[in-house]
Amino acid sequence: MNIVDRRPNPKGKSLSNRQRFLTRARAEVKSAVQNALRKRKVADVEHGEKVAIPTRGIVEPVFHHSRRTGRTEHVVPGNKEYVRGDEIPRPAGGEGRGGSEGSPDGSGEDAFEFTLSKDEFLDMFFEDLELPDLVKKSLRETFAFDLQRAGYTVTGPPSNLSVRRTMRNSMARRISLRRPKQWEVEALRQALDEARLRGDEEEARQLGLELDRAEHRSKIIPYIDPVDVRYNRFERVPRPNTEAVMFCLMDVSGSMTEAMKDLAKRFFMLLHVFLIRRYRHVDVVFIRHTSTAEEVDEETFFYSRETGGTVVSTALEKMLEVARARYPTDRWNIYAAQASDGDNYGADSGRCVALLGGEVLPICQYFAYVEVGDGMGGSLTGLARDSDLWRAYSEVAPAHPHFAMRRVGDPSQIFSVFHELFAKGGVRV
Amino acid sequence: MSDKRSAPMARLDASAPLFSGPNWDYASLRQTYDAIERIALDELGLDVYPVQVEVITSEQMLDAYASVGLPLMYRHWSFGKRFAFHETLYRRGLQGLAYEIVINSNPCICYIMEENSMTMQTLVMAHAAFGHNHFFKNNYLFRQWTDANGILDYLSFARDYVAKCEERHGIEAVERVLDAAHALKDHGVNRYAHRTKPNLAEERRRAEEWQAHAEATYNDLWRTVPGAGGGKEDTDGAEARLQEIKRELGLPEENLLYLIEKRAPRLEDWQRELIRIVRLVAQYFYPQKQTQMMNEGCATFVHYEIMRRLHEKGLITEGSMLEFLHSHSSVVFQADFDDPRFSGINPYALGFAMMSDVRRICEEPTEEDKAWFPDIAGLGNGYGVLRHAWANYRDESFILQYLSPAMIRKFRMFAVSDDSSKPAMKVEAIHDEIGYRKVRGALSRQYDLSRREPDIQVVDVDLRGDRCLVLTHYVHDGVLLAEKSCRAVLRHAAVLWGYAVKLLEIDAATDKTLKTYEVAQPG
């Protein structure tokens with residue numbers, strides 16, 4: 001008998017088969033993923049997902065007998081009360097007795113259920129979604145390099161010499177090898193001179209020998225030895241040269257109901273996940289506003305409550321301020337998404353338009369405005385009056401192709417809106 | 001191995017168990033294996049292939065599940081699907097993993113999982129390395145249809161070949177052929193021994209020679225012009241010639257894949273080779289489909305005997321024995337038909353019970369047994385009779401021969417007939433004097449593969465017409481094919497055949513055509 005340990009064998013033998021399977025079931029898996037997204041909380045989006053897909057594309061048909069035709073006979077165990085000639089009602093669903101043929105590989109009519117890993121799930125989710133423009137720039141993932149300190153090394157160009165580290169080593173070595181210090185040698189020499197002057201021959205001879213020894217020692221133990229020398233080490237770290245910043249603007253005023261906020265939240269979260277996932281370097285700036293605007297961290301942005309009026313222009317001003325201070329347009333692609341219920345302080349709309357058209361849009365690669373409504377609100381039907389902001393923004397839209405406006409009325413619409421906004425080639429800049 | 005076998009039994013110190021505690025190591029595996037081997041060969045008289053035990057992880061076990069239990073397999077999405085399915089069940093805790101997988105090869109490869117306790121490893125070795133191994137080596141179906149020496153080499157050839165085809169012709173093109181061949185694989189086996197068992201070691205060489213062979217082969221299908229129709233030249237001579245061609249084509253033919261591989265007019269050589277691979281793998285599994293109950297019964301019976309004897313000799317501790325019995329009793333558990341856990345007759349339960357019963361009949365027969373089994377009742381040598389049965393029967397014939405009234409009573413079996421034209425099912429027989437034979441016959445038929453799988457044959461390739469491939473399904477007792485899957489399979493068949501495919505459902509008793517399917521020539 002041989003015993004072979006197969007445990008160290010390479011793992012994932014089935015991986016390529018799994019990928020083939022996913023490719024094959026792509027369409028089904030994708031729609032399952034989108035359905036799953038509608039149901040689950042967006043905050044969970046980064047997890048794997050159990051999906052059930054219809055078996056359409058992945059059946060492995062074989063000839064088999066229909067259960068609903070003809071005469072068949074089965075033998076089953078566990079008789080308790082039946083005698084010959086008894087009649088038993090047919091079990092529902094037309095399944096015959098002794099149905100050991102129940103197909104474990106999902107070749108039946110039922111959905112085929114399995115688990116996608118987190119990566120597979122997100123890949124499906126983000127497939128054919130892109131941020132405009134950034135795509136072009138990131139097509140050839142070229143990187144600039146930044147130098148970053150990374151400790152010390154024993155070789156290097158003189159310009160990188162680390163004096164402090166070198167001297168530290170040198171001193172340690174000199175102390176441990178007991179190299180005579182300069183002042184010790186001087187003192188000896190002085191004592192020798194004095195002894196000579198005094199005419200103390202014996203002591204002068206002694207001191208002379210000592211001085212010789214000390215000077216010899218100073219010579220053979222160098223002040224700085226090559227082993228002491230250290231250089232600063234630098235590492236080249238790739239820096240994506242397509243850097244993007246995403247401004248998330250949201251109205252958190254009293255006119256936004258909880259449901260609306262929830263919608264807006266979901267939209268941003270989806271966006272957030274998308275950005276974190278797809279781009280190596282994306283800054284996200286969260287700006288919320290009521291009648292005043294402030295930059296907040298993510299937690300506050302999504303979860304804290306505010307009350308107050310609504311002056312949209314404050315948010316735009318804040319955004320401009322932040323952009324000027326931290327995100328110069330020559331280095332950063334600026335993207336912005338704004339969510340609001342459309343309400344605005346009446347006199348402010350004009351200012352918004354001016355700001356948006358005059359200052360914000362020129363520095364943005366892309367600006368998305370999402371108007372959230374409460375359920376099947378009137379604005380979605382197109383019959384009711386458009387909101388203040390919607391009307392105001394409509395003036396700006398035609399002149400700026402990289403400005404997009406959409407309405408969302410229901411959580412299930414978020415995905416399609418999101419998809420539409422960022423669909424490949426859907427938005428030209 | 002042979003010298004170990006002749007080592008004196010006295011060396012076993014009856015007071016010292018082979019192992020204690022749940023952890024296993026290589027030394028105790030080996031020692032235990034040797035002890036099992038002595039019992040299996042000397043006391044039970046088993047005859048086995050040399051064994052190779054391979055230790056694997058649970059993840060590798062899932063891998064093995066996905067590739068239908070074989071250690072290497074060509075790549076195909078359906079294996080990925082199987083993997084995803086099992087993985088989900090396993091991760092959610094709905095399904096435990098099998099303790100072992102054993103491969104019918106020489107040497108016999110037996111996988112054991114690292115998570116198992118030493119007791120379980122002992123059980124697995126007794127079950128797989130001796131029980132299954134003996135069955136593989138001795139059962140006539142395996143001897144006749146599978147080549148244990150060549151299978152591993154052949155699978156490695158198949159995997160490489162498929163990979164090479166994918167490289168050359170693209171994954172999609174290869175998948176198209178494999179999908180179609182998989183759909184027909186149940187009808188790609190030879191059921192009768194009029195063709196020789198494939199010598200798998202020769203396959204690689206043969207594949208290379210095919211090109212030359214194909215050029216020399218003359219394919220009649222090419223001589224006719226499709227769609228020309230019979231018409232004027234329909235003379236007696238032409239008719240006779242047609243009959244002759246049909247004879248040459250070997251019609252009617254029940255091995256669909258064989259006929260397609262050899263005769264499909266539009267296939268390229270590599271496509272034929274892919275079909276052949278699917279066909280040979282299907283043929284390799286054909287005996288296992290027919291002997292599942294016996295195979296598991298044999299292995300379960302053997303492991304039970306070996307564990308019992310190890311315990312008698314004091315080679316395993318009481319604790320191990322209890323652990324084993326716990327596992328054994330869940331393996332041979334049979335749920336009643338009205339139990340929610342019921343999913344058919346458990347092959348382990350029925351096989352183990354029947355084999356224990358055969359031994360009982362041989363050694364302690366009742367009057368009833370003497371009347372039912374005059375040949376073996378009281379013969380004394382239960383193992384001899386069992387070894388004979390393991391070698392010469394399959395599930396269907398084994399039940400027909402050896403299912404005793406005692407067994408029917410024990411399982412309280414009853415036969416139900418289900419006539420789709422009637423509103424209710426009817427109990428035809430139960431465990432009483434009148435019912436025994438009826439139940440036995442019905443159960444045996446239930447295990448008969450030729451009844452379980454539709455009887456489908458190629459009867460014609462329309463040589464004078466449009467080269468349409470004509471299949472028939474011989475309908476027994478009015479049981480038709482499931483429509484949806486039938487159409488899907490026919491579409492696959494048309495992909496391989498290259499022209500239209502027709503299927504007639506013909507009542508075997510009356511020769512009446514009940515239903516016709518037709519799939520047009522693929523675009």
# chains A, B, ... in the order shown; residues from 1 in each chain; ligands from 1
$ residues_around --residues "Asn232 (chain A)" --least-positions-apart "3" --cutoff "9 Å" --atoms "only C-alpha atoms" --output "mmCIF file with N, CA and C atoms, in the first residue's frame"
data_model
loop_
_atom_site.group_PDB
_atom_site.id
_atom_site.type_symbol
_atom_site.label_atom_id
_atom_site.label_comp_id
_atom_site.auth_asym_id
_atom_site.auth_seq_id
_atom_site.Cartn_x
_atom_site.Cartn_y
_atom_site.Cartn_z
ATOM 1 N N ARG A 149 10.313 57.023 1.463
ATOM 2 C CA ARG A 149 11.397 56.498 2.300
ATOM 3 C C ARG A 149 11.079 55.077 2.698
ATOM 4 N N ALA A 150 12.138 54.271 2.699
ATOM 5 C CA ALA A 150 11.927 52.877 3.084
ATOM 6 C C ALA A 150 13.172 52.377 3.803
ATOM 7 N N GLY A 151 13.511 52.982 4.917
ATOM 8 C CA GLY A 151 14.611 52.495 5.737
ATOM 9 C C GLY A 151 15.978 52.868 5.185
ATOM 10 N N TYR A 152 16.955 52.048 5.512
ATOM 11 C CA TYR A 152 18.348 52.347 5.153
ATOM 12 C C TYR A 152 18.948 51.185 4.393
ATOM 13 N N THR A 153 20.001 51.516 3.674
ATOM 14 C CA THR A 153 20.670 50.464 2.931
ATOM 15 C C THR A 153 22.179 50.710 2.997
ATOM 16 N N VAL A 154 22.992 49.678 2.702
ATOM 17 C CA VAL A 154 24.446 49.839 2.812
ATOM 18 C C VAL A 154 25.067 50.319 1.514
ATOM 19 N N GLY A 156 24.536 52.857 -2.105
ATOM 20 C CA GLY A 156 23.735 53.941 -2.628
ATOM 21 C C GLY A 156 24.616 55.067 -3.108
ATOM 22 N N ASN A 160 22.706 60.236 -1.131
ATOM 23 C CA ASN A 160 21.726 59.664 -0.220
ATOM 24 C C ASN A 160 22.319 59.303 1.132
ATOM 25 N N LEU A 161 23.571 59.663 1.348
ATOM 26 C CA LEU A 161 24.235 59.280 2.584
ATOM 27 C C LEU A 161 23.430 59.765 3.794
ATOM 28 N N SER A 162 23.224 58.849 4.699
ATOM 29 C CA SER A 162 22.539 59.243 5.918
ATOM 30 C C SER A 162 23.597 59.494 6.978
ATOM 31 N N ARG A 165 22.790 58.276 10.662
ATOM 32 C CA ARG A 165 22.846 56.841 10.877
ATOM 33 C C ARG A 165 24.292 56.340 10.787
#
$ interface_residues --of "chain B" --to "chain A" --cutoff "6 Å" --atoms "only C-alpha atoms" --output "PyMOL selection string"
chain B and resi 51-57+63+75-77+80-81+84-85+88+183+336-337+343-344+411-420+424-429+443+477-482+485-486+489
$ atom_distance --atom1 "CA of Arg217 (chain A)" --atom2 "CA of Asp200 (chain A)"
25.4 Å
$ residues_around --residues "Leu62 (chain B)" --least-positions-apart "2" --cutoff "12 Å" --atoms "only C-alpha atoms" --output "mmCIF file with C-alpha atoms, in the first residue's frame"
data_model
loop_
_atom_site.group_PDB
_atom_site.id
_atom_site.type_symbol
_atom_site.label_atom_id
_atom_site.label_comp_id
_atom_site.auth_asym_id
_atom_site.auth_seq_id
_atom_site.Cartn_x
_atom_site.Cartn_y
_atom_site.Cartn_z
ATOM 1 C CA LYS A 11 -5.685 24.342 -4.971
ATOM 2 C CA GLY A 12 -8.558 25.519 -7.049
ATOM 3 C CA LYS A 13 -8.535 22.689 -9.553
ATOM 4 C CA SER A 14 -12.125 23.518 -10.340
ATOM 5 C CA LEU A 15 -11.530 27.209 -10.747
ATOM 6 C CA ILE B 56 -6.836 15.118 0.597
ATOM 7 C CA THR B 57 -8.500 18.196 2.061
ATOM 8 C CA SER B 58 -12.192 18.913 2.065
ATOM 9 C CA GLU B 59 -11.712 21.431 -0.715
ATOM 10 C CA GLN B 60 -10.035 18.810 -2.846
ATOM 11 C CA ALA B 64 -13.289 15.547 -6.920
ATOM 12 C CA TYR B 65 -17.081 15.706 -6.589
ATOM 13 C CA ALA B 66 -17.226 18.205 -9.378
ATOM 14 C CA SER B 67 -15.296 16.058 -11.807
ATOM 15 C CA VAL B 68 -17.614 13.102 -11.225
ATOM 16 C CA GLY B 69 -15.221 11.517 -8.753
ATOM 17 C CA LEU B 70 -12.338 11.168 -11.156
ATOM 18 C CA PRO B 71 -8.942 12.517 -10.180
ATOM 19 C CA PHE B 79 -18.170 20.461 -13.827
ATOM 20 C CA GLY B 80 -18.017 24.035 -12.586
ATOM 21 C CA LYS B 81 -21.746 23.980 -12.167
ATOM 22 C CA ARG B 82 -21.576 20.795 -10.153
ATOM 23 C CA PHE B 83 -18.842 22.320 -8.019
ATOM 24 C CA ALA B 84 -20.850 25.463 -7.343
ATOM 25 C CA PHE B 85 -23.839 23.361 -6.387
ATOM 26 C CA HIS B 86 -22.029 21.087 -3.971
ATOM 27 C CA GLU B 87 -20.041 23.927 -2.519
ATOM 28 C CA THR B 88 -23.167 25.877 -1.698
ATOM 29 C CA LEU B 89 -24.763 22.915 0.004
ATOM 30 C CA TYR B 90 -21.606 22.152 1.885
ATOM 31 C CA ARG B 91 -20.945 25.703 3.020
ATOM 32 C CA GLN B 95 -24.680 18.361 3.042
ATOM 33 C CA GLY B 96 -21.731 16.630 4.578
ATOM 34 C CA LEU B 97 -18.985 15.361 2.363
ATOM 35 C CA ALA B 98 -18.533 11.722 1.571
ATOM 36 C CA TYR B 99 -15.877 10.193 3.738
ATOM 37 C CA GLU B 100 -14.164 8.657 0.775
ATOM 38 C CA ILE B 101 -13.985 8.431 -2.948
ATOM 39 C CA TYR B 111 -9.109 9.212 -1.216
ATOM 40 C CA MET B 113 -10.038 13.252 4.003
#
$ select_by_dssp --residues "region 179-421 of chain B" --states "helix (DSSP H, G or I)" --output "NGL selection string"
:B and (179-183 or 185-187 or 200-216 or 220-223 or 231-233 or 236-249 or 256-263 or 269-290 or 292-312 or 318-331 or 347-363 or 367-372 or 382-392 or 395-402 or 405-411)
$ atom_distance --atom1 "CA of Ser394 (chain A)" --atom2 "CA of Thr290 (chain A)"
21.9 Å
$ residues_around --residues "region 459-463 of chain B" --least-positions-apart "4" --cutoff "7 Å" --atoms "only C-alpha atoms" --output "ChimeraX atom specification"
/B:221,224,251-253,467-472
$ write_last_selection --atoms "N, CA and C atoms" --output "JSON list (two decimals), in the first residue's frame"
[["chain", "number", "residue", "atom", "x", "y", "z"],
["B", 221, "LEU", "N", -22.15, 7.92, -46.81],
["B", 221, "LEU", "CA", -23.01, 9.09, -46.73],
["B", 221, "LEU", "C", -22.59, 10.17, -47.70],
["B", 224, "THR", "N", -24.08, 10.16, -51.61],
["B", 224, "THR", "CA", -25.40, 10.59, -52.03],
["B", 224, "THR", "C", -25.52, 12.09, -51.96],
["B", 251, "LEU", "N", -27.17, -0.48, -38.85],
["B", 251, "LEU", "CA", -28.47, -0.06, -38.32],
["B", 251, "LEU", "C", -29.36, -1.28, -38.10],
["B", 252, "PRO", "N", -30.25, -1.29, -37.15],
["B", 252, "PRO", "CA", -30.38, -0.23, -36.14],
["B", 252, "PRO", "C", -29.25, -0.27, -35.13],
["B", 253, "GLU", "N", -28.97, 0.91, -34.58],
["B", 253, "GLU", "CA", -27.85, 1.03, -33.66],
["B", 253, "GLU", "C", -28.33, 1.72, -32.38],
["B", 467, "ARG", "N", -30.66, 13.05, -45.66],
["B", 467, "ARG", "CA", -29.71, 12.55, -44.67],
["B", 467, "ARG", "C", -30.21, 12.73, -43.24],
["B", 468, "CYS", "N", -31.52, 12.80, -43.12],
["B", 468, "CYS", "CA", -32.09, 12.98, -41.80],
["B", 468, "CYS", "C", -31.81, 11.74, -40.95],
["B", 469, "LEU", "N", -31.38, 11.99, -39.71],
["B", 469, "LEU", "CA", -31.12, 10.89, -38.78],
["B", 469, "LEU", "C", -32.43, 10.55, -38.10],
["B", 470, "VAL", "N", -32.82, 9.29, -38.20],
["B", 470, "VAL", "CA", -34.11, 8.92, -37.62],
["B", 470, "VAL", "C", -33.90, 8.05, -36.40],
["B", 471, "LEU", "N", -34.40, 8.53, -35.26],
["B", 471, "LEU", "CA", -34.31, 7.78, -34.02],
["B", 471, "LEU", "C", -35.70, 7.26, -33.67],
["B", 472, "THR", "N", -35.71, 6.16, -32.95],
["B", 472, "THR", "CA", -37.00, 5.74, -32.40],
["B", 472, "THR", "C", -36.86, 5.58, -30.91]]
$ residues_around --residues "Gly188 (chain B)" --least-positions-apart "4" --cutoff "9 Å" --atoms "only C-alpha atoms" --output "list in words"
Ala181, Leu184, Glu254, Asn255, Leu256, Leu257, Tyr258, Leu259, Val278, Arg279, Leu280, Ala282 and Gln283 of chain B
